[in-house]
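Peer 1: Below you'll find upload24.txt; it's compact mmCIF, C-alpha atoms.
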# COMPACT_ATOMS: atom_id res chain seq x y z
CA MET E 20 -103.59 106.04 -64.54
CA GLU E 21 -102.68 109.63 -65.34
CA THR E 22 -99.79 109.96 -67.79
CA LEU E 23 -97.36 112.64 -68.91
CA VAL E 24 -95.61 112.35 -72.28
CA VAL E 25 -92.21 114.02 -72.59
CA ASN E 26 -90.62 114.52 -76.01
CA THR E 27 -86.95 113.63 -75.56
CA GLU E 28 -85.80 113.70 -79.17
CA SER E 29 -83.37 116.54 -78.48
CA ALA E 30 -81.96 114.73 -75.42
CA ASN E 31 -81.02 111.73 -77.60
CA LEU E 32 -80.86 109.32 -74.67
CA THR E 33 -79.03 106.07 -75.31
CA GLU E 34 -80.58 102.75 -74.25
CA GLU E 35 -78.23 102.66 -71.26
CA GLN E 36 -79.08 106.23 -70.24
CA PHE E 37 -82.80 105.50 -70.41
CA PHE E 38 -82.34 102.33 -68.35
CA GLN E 39 -80.39 104.28 -65.73
CA LEU E 40 -83.13 106.92 -65.63
CA CYS E 41 -85.66 104.17 -64.87
CA ILE E 42 -83.70 102.36 -62.17
CA GLN E 43 -82.61 105.56 -60.43
CA ASN E 44 -86.24 106.69 -60.14
CA LYS E 45 -87.93 103.50 -58.97
CA GLU E 46 -90.85 105.38 -57.46
CA ILE E 47 -91.87 106.50 -60.97
CA SER E 48 -93.21 104.25 -63.75
CA PHE E 49 -91.64 104.95 -67.14
CA GLU E 50 -92.34 103.69 -70.63
CA ARG E 51 -91.06 104.90 -73.98
CA ASP E 52 -93.01 104.87 -77.24
CA LYS E 53 -91.64 104.00 -80.68
CA ASN E 54 -90.96 107.71 -81.32
CA LYS E 55 -88.70 107.84 -78.23
CA ASN E 56 -91.17 109.94 -76.21
CA ILE E 57 -90.91 109.07 -72.52
CA ILE E 58 -94.24 108.30 -70.84
CA ILE E 59 -94.40 109.00 -67.10
CA MET E 60 -97.26 107.32 -65.24
CA SER E 61 -98.68 108.21 -61.87
CA PRO E 62 -99.33 105.61 -59.14
CA VAL E 63 -102.72 103.90 -59.25
CA GLY E 64 -105.33 103.80 -56.50
CA PHE E 65 -105.69 101.10 -53.88
CA LEU E 66 -108.23 98.97 -55.74
CA SER E 67 -106.29 98.89 -59.02
CA SER E 68 -103.12 98.01 -57.12
CA TRP E 69 -104.95 95.18 -55.32
CA TYR E 70 -106.31 93.80 -58.60
CA GLU E 71 -102.84 93.95 -60.11
CA GLY E 72 -101.26 92.11 -57.19
CA ARG E 73 -103.93 89.42 -57.14
CA LEU E 74 -103.65 88.82 -60.89
CA PHE E 75 -99.88 88.56 -60.59
CA ARG E 76 -100.20 86.03 -57.76
CA MET E 77 -102.76 83.89 -59.60
CA LEU E 78 -100.67 83.74 -62.77
CA ASP E 79 -97.49 83.12 -60.77
CA GLN E 80 -99.09 80.22 -58.89
CA TRP E 81 -100.03 78.59 -62.21
CA ASN E 82 -96.52 79.22 -63.51
CA GLU E 83 -94.91 77.65 -60.44
CA GLN E 84 -96.92 74.49 -61.08
CA THR E 85 -96.12 74.30 -64.79
CA ASN E 86 -92.60 75.83 -64.80
CA LEU E 87 -93.28 77.04 -68.34
CA GLY E 88 -92.04 80.58 -68.09
CA TYR E 89 -91.55 83.77 -66.10
CA VAL E 90 -94.08 86.27 -64.73
CA THR E 91 -93.29 89.99 -64.45
CA GLY E 92 -95.19 92.92 -62.97
CA ALA E 93 -95.65 96.57 -63.84
CA SER E 94 -91.99 97.43 -63.23
CA GLY E 95 -90.74 94.81 -65.71
CA GLY E 96 -90.02 96.50 -69.04
CA TYR E 97 -89.54 94.99 -72.49
CA ASN E 98 -87.78 96.52 -75.50
CA LEU E 99 -90.12 95.80 -78.40
CA PRO E 100 -89.12 95.29 -82.04
CA ASN E 101 -90.66 98.66 -83.01
CA GLY E 102 -88.24 100.51 -80.68
CA ALA E 103 -90.68 101.13 -77.81
CA MET E 104 -90.08 100.08 -74.21
CA ARG E 105 -93.32 98.95 -72.66
CA ALA E 106 -94.34 97.38 -69.36
CA ALA E 107 -97.61 95.52 -68.77
CA ASP E 108 -99.43 95.37 -65.44
CA VAL E 109 -98.77 91.61 -65.60
CA ALA E 110 -96.81 89.75 -68.28
CA TRP E 111 -95.68 86.19 -68.95
CA ILE E 112 -92.95 84.96 -71.26
CA ARG E 113 -91.93 81.41 -72.19
CA LYS E 114 -88.98 80.02 -70.25
CA GLU E 115 -86.87 79.05 -73.24
CA ARG E 116 -87.03 82.57 -74.68
CA ILE E 117 -85.57 84.13 -71.54
CA ASP E 118 -83.15 81.31 -70.70
CA LYS E 119 -81.26 81.71 -73.96
CA LEU E 120 -80.55 85.41 -73.35
CA PRO E 121 -77.11 86.49 -72.12
CA GLU E 122 -77.03 87.29 -68.41
CA ASN E 123 -76.33 91.01 -68.96
CA GLU E 124 -79.53 91.37 -71.02
CA LYS E 125 -81.58 89.69 -68.29
CA MET E 126 -80.41 92.41 -65.92
CA LYS E 127 -81.98 95.09 -68.13
CA PHE E 128 -85.04 95.38 -70.37
CA PRO E 129 -84.87 92.30 -72.62
CA ASN E 130 -85.21 92.78 -76.36
CA LEU E 131 -88.31 90.61 -76.49
CA CYS E 132 -92.07 90.91 -76.50
CA PRO E 133 -93.84 88.81 -73.85
CA ASP E 134 -96.15 86.00 -74.94
CA PHE E 135 -99.02 87.18 -72.75
CA VAL E 136 -99.95 90.51 -71.18
CA ILE E 137 -102.63 91.85 -68.87
CA GLU E 138 -103.47 95.55 -68.80
CA LEU E 139 -105.91 96.94 -66.23
CA LYS E 140 -108.20 99.86 -66.83
CA SER E 141 -108.30 102.24 -63.87
CA LYS E 142 -110.97 104.90 -63.50
CA SER E 143 -108.78 107.61 -65.05
CA ASP E 144 -107.60 105.49 -68.01
CA SER E 145 -108.80 106.06 -71.56
CA ILE E 146 -110.06 102.78 -73.03
CA LYS E 147 -109.01 104.04 -76.47
CA THR E 148 -105.40 104.56 -75.31
CA LEU E 149 -105.31 101.14 -73.67
CA LYS E 150 -106.65 99.46 -76.81
CA GLU E 151 -103.89 101.18 -78.78
CA LYS E 152 -101.33 99.84 -76.33
CA MET E 153 -102.80 96.35 -76.66
CA ALA E 154 -102.53 96.67 -80.44
CA GLU E 155 -98.86 97.57 -80.02
CA TRP E 156 -98.27 94.45 -77.94
CA MET E 157 -99.95 92.30 -80.60
CA ASN E 158 -98.16 93.99 -83.49
CA ASN E 159 -94.84 93.23 -81.82
CA GLY E 160 -95.39 89.52 -81.30
CA CYS E 161 -97.56 89.05 -78.19
CA ARG E 162 -99.71 85.92 -78.55
CA LEU E 163 -102.54 86.80 -76.16
CA GLY E 164 -103.61 89.92 -74.30
CA TRP E 165 -106.34 90.69 -71.78
CA LEU E 166 -107.46 94.26 -71.16
CA ILE E 167 -109.49 93.96 -67.96
CA ASP E 168 -112.11 96.55 -67.04
CA PHE E 169 -113.18 95.69 -63.50
CA GLU E 170 -115.57 98.63 -63.25
CA ASN E 171 -117.69 97.34 -66.16
CA LYS E 172 -116.90 93.68 -65.46
CA ARG E 173 -115.52 92.73 -68.86
CA VAL E 174 -112.31 91.56 -70.52
CA TYR E 175 -111.24 92.68 -74.00
CA VAL E 176 -109.42 89.67 -75.44
CA PHE E 177 -106.73 90.37 -78.05
CA ASN E 178 -105.49 87.38 -79.99
CA PRO E 179 -103.63 87.26 -83.32
CA THR E 180 -106.15 84.71 -84.60
CA LEU E 181 -108.70 87.56 -84.51
CA ASP E 182 -106.58 89.58 -86.96
CA THR E 183 -105.64 92.04 -84.24
CA LEU E 184 -102.78 93.54 -86.20
CA ALA E 185 -104.09 97.08 -86.36
CA LYS E 186 -103.91 98.96 -89.64
CA GLU E 187 -102.82 102.57 -89.46
CA GLY E 188 -105.62 104.61 -87.92
CA ASN E 189 -107.86 101.57 -87.31
CA GLU E 190 -108.87 100.07 -84.01
CA PRO E 191 -107.59 96.51 -83.49
CA GLU E 192 -110.07 93.68 -83.35
CA PHE E 193 -110.90 91.92 -80.09
CA SER E 194 -113.56 89.78 -78.47
CA ILE E 195 -115.27 90.56 -75.18
CA THR E 196 -115.74 88.19 -72.25
CA GLU E 197 -118.18 89.35 -69.57
CA PHE E 198 -117.59 88.51 -65.90
CA SER E 199 -120.99 86.80 -65.96
CA GLN E 200 -119.22 83.93 -67.73
CA LYS E 201 -117.39 83.35 -64.40
CA SER E 202 -113.94 82.67 -65.89
CA ILE E 203 -111.66 83.01 -68.88
CA SER E 204 -109.13 80.49 -70.20
CA GLY E 205 -105.52 81.06 -71.19
CA GLY E 206 -106.01 78.62 -74.07
CA ASN E 207 -102.95 77.32 -75.90
CA VAL E 208 -100.77 80.20 -74.70
CA LEU E 209 -101.31 79.44 -70.98
CA PRO E 210 -102.38 75.78 -70.96
CA GLY E 211 -104.51 74.98 -67.93
CA PHE E 212 -104.73 78.56 -66.65
CA GLU E 213 -108.21 79.81 -65.78
CA LEU E 214 -108.88 83.29 -64.42
CA ASP E 215 -111.81 82.97 -62.02
CA PHE E 216 -113.68 86.27 -61.88
CA THR E 217 -115.43 85.28 -58.65
CA GLN E 218 -112.07 85.68 -56.87
CA PHE E 219 -112.50 89.45 -57.25
CA ASP E 220 -116.00 89.78 -55.78
What's the C-alpha cells form of this structure?

Peer 2:
Amino acid sequence: METLVVNTESANLTEEQFFQLCIQNKEISFERDKNKNIIIMSPVGFLSSWYEGRLFRMLDQWNEQTNLGYVTGASGGYNLPNGAMRAADVAWIRKERIDKLPENEKMKFPNLCPDFVIELKSKSDSIKTLKEKMAEWMNNGCRLGWLIDFENKRVYVFNPTLDTLAKEGNEPEFSITEFSQKSISGGNVLPGFELDFTQFD
C-alpha cells in the first residue's frame, strides 16, 4: 500500500495523544516507527483486502478450536519494545500474555509484540520495506512471521531459528516457501495450523 511518513518530533505527541489520533481517524491506518515518525497508509485494493480477510478467518477458525490465543487484524496495533507502534495485516498472540494485562491496557495498544504475524505484499508495496518491517517484528520478539506475496505465489518465512535478527544495514535472513508446495505449517508456534494455498486459487 502507498504510505506517507510524517516527522512528528516537534509535535512531541504523548502515547495517549497518538492513541486518540488513531481512534478518532478510524478510516486511516496509522503506524509509528521507533523514531516517532507517523506512517499513514492508504487503503488497499479489493484483492488484497480479500486475501487479508480470508487469512484472518482461517487463523481465527484454528484459534477457536485450540483456544490458545487471540487473533487481530490490520487495525490492531502493538507497542513494541523499541518504541514503535506497528500493526500486522494479521497477528496472533498467546492467550496467557494478553490475559495477564490490566484491562485498561487491553483497551489500547498493548505493550507487547505478537507471537506470529502475517504481512501481505500488495502491488504497490516495496518488498525491501516489507522485509525491513518483518525484521523489526523479529527483533522485538515475534516468534514466526510470514510475508506473503500472492502475485509471485511465495511466502518469505521469518523465524528466529534462522538468525533473522538483522544487523544494522543488513537484510534479515528468511526461507522461501513456494505455493507449489500446496501449504505451509505454523510449526511449534501455531501447533496444528496449516495454511492451504489452494484456498486462494

Peer 1: For the atom pair CA of Phe128 (chain E) and CA of Arg113 (chain E), what is the interatomic distance in Å to one decimal place?

Peer 2: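 Taking CA of Phe128 (chain E) as the start and CA of Arg113 (chain E) as the end point, the length is 15.7 Å.
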
Peer 1: Could you make a table, as a Markdown table, of the residues of region 117-186 of chain E that have an atom within 9 Å of an atom of region 55-78 of chain E, each with its nearest atom pair and distance in Å to one decimal, counting only C-alpha atoms, in chain and number order?

Peer 2:
| residue | atom | partner | partner_atom | distance |
| --- | --- | --- | --- | --- |
| E:Ile137 | CA | E:Leu74 | CA | 8.6 |
| E:Glu138 | CA | E:Glu71 | CA | 8.9 |
| E:Leu139 | CA | E:Glu71 | CA | 7.5 |
| E:Lys140 | CA | E:Ser67 | CA | 8.1 |
| E:Ser141 | CA | E:Ser67 | CA | 6.2 |
| E:Lys142 | CA | E:Ser67 | CA | 8.8 |
| E:Phe169 | CA | E:Tyr70 | CA | 8.6 |

Peer 1: For Arg116 (chain E), which of E:Trp165, E:Tyr97, E:Tyr89, E:Phe198 is the closest residue, counting all atoms listed in the file?

Peer 2: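 Closest candidate: E:Tyr89.
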
Peer 1: Measuring atom to atom with only C-alpha atoms, identify which of E:Gln43, E:Gln218, E:Asn54, E:Thr148 is nearest to Asn101 (chain E).

Peer 2: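 For Asn101 (chain E), the nearest of the given residues is E:Asn54.
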
Peer 1: Find the residue from E:Ser194, E:Gln39, E:Thr85, E:Thr91 that sits nearest to Asp134 (chain E); use all atoms listed in the file when measuring.

Peer 2: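 Of all the options, E:Thr91 lies closest to Asp134 (chain E).
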
Peer 1: What is the CA of Cys132 (chain E) to CA of Arg105 (chain E) distance in Å?

Peer 2: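 That distance, rounded to one decimal, is 9.0 Å.
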
Peer 1: If I take CA of Cys161 (chain E) and CA of Met104 (chain E), how far is one from the other in Å, to one decimal?

Peer 2: 13.9 Å

Peer 1: Taking all atoms listed in the file into account, which of E:Asn123, E:Gln84, E:Asn178, E:Asn130 comes nearest Gly102 (chain E)?

Peer 2: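 Result for the nearest residue to Gly102 (chain E): E:Asn130.
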
Peer 1: Nearest residue to Phe38 (chain E) out of E:Glu115, E:Asp108, E:Glu151, E:Glu50, using only C-alpha atoms?

Peer 2: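 Of E:Glu115, E:Asp108, E:Glu151, E:Glu50, the one nearest Phe38 (chain E), counting only C-alpha atoms, is E:Glu50.
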
Peer 1: Quick one: of E:Glu124, E:Glu213, E:Glu192, E:Glu83, who's nearest to Met157 (chain E), counting only C-alpha atoms?

Peer 2: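 For Met157 (chain E), the nearest of the candidates is E:Glu192.
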
Peer 1: So that I can see what lies close to Gly88 (chain E), please list as a list in words the residues with an atom at most 7 Å from it, counting only C-alpha atoms and leaving out residues fewer than 6 positions away in the same chain.

Peer 2: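 Those residues are Asn82, Trp111, Ile112, Arg113 and Lys114 of chain E.
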
Peer 1: Name the residues within 6 Å of (-94.1, 96.6, -67.0), counting all atoms listed in the file in the file's coordinates, and put them as a list of chain:residue names.

Peer 2: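 Residues close enough to count: E:Gly92, E:Ala93, E:Ser94, E:Gly95, E:Gly96, E:Ala106, E:Ala107, E:Asp108.
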
Peer 1: Store the residues picked out above, limited to C-alpha atoms, as a PDB file, keeping the file's coordinate frame.

Peer 2:
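Generated output (part.pdb):
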ATOM      1  CA  GLY E  92     -95.190  92.920 -62.970  1.00  0.00           C
ATOM      2  CA  ALA E  93     -95.650  96.570 -63.840  1.00  0.00           C
ATOM      3  CA  SER E  94     -91.990  97.430 -63.230  1.00  0.00           C
ATOM      4  CA  GLY E  95     -90.740  94.810 -65.710  1.00  0.00           C
ATOM      5  CA  GLY E  96     -90.020  96.500 -69.040  1.00  0.00           C
ATOM      6  CA  ALA E 106     -94.340  97.380 -69.360  1.00  0.00           C
ATOM      7  CA  ALA E 107     -97.610  95.520 -68.770  1.00  0.00           C
ATOM      8  CA  ASP E 108     -99.430  95.370 -65.440  1.00  0.00           C
TER       9      ASP E 108
END
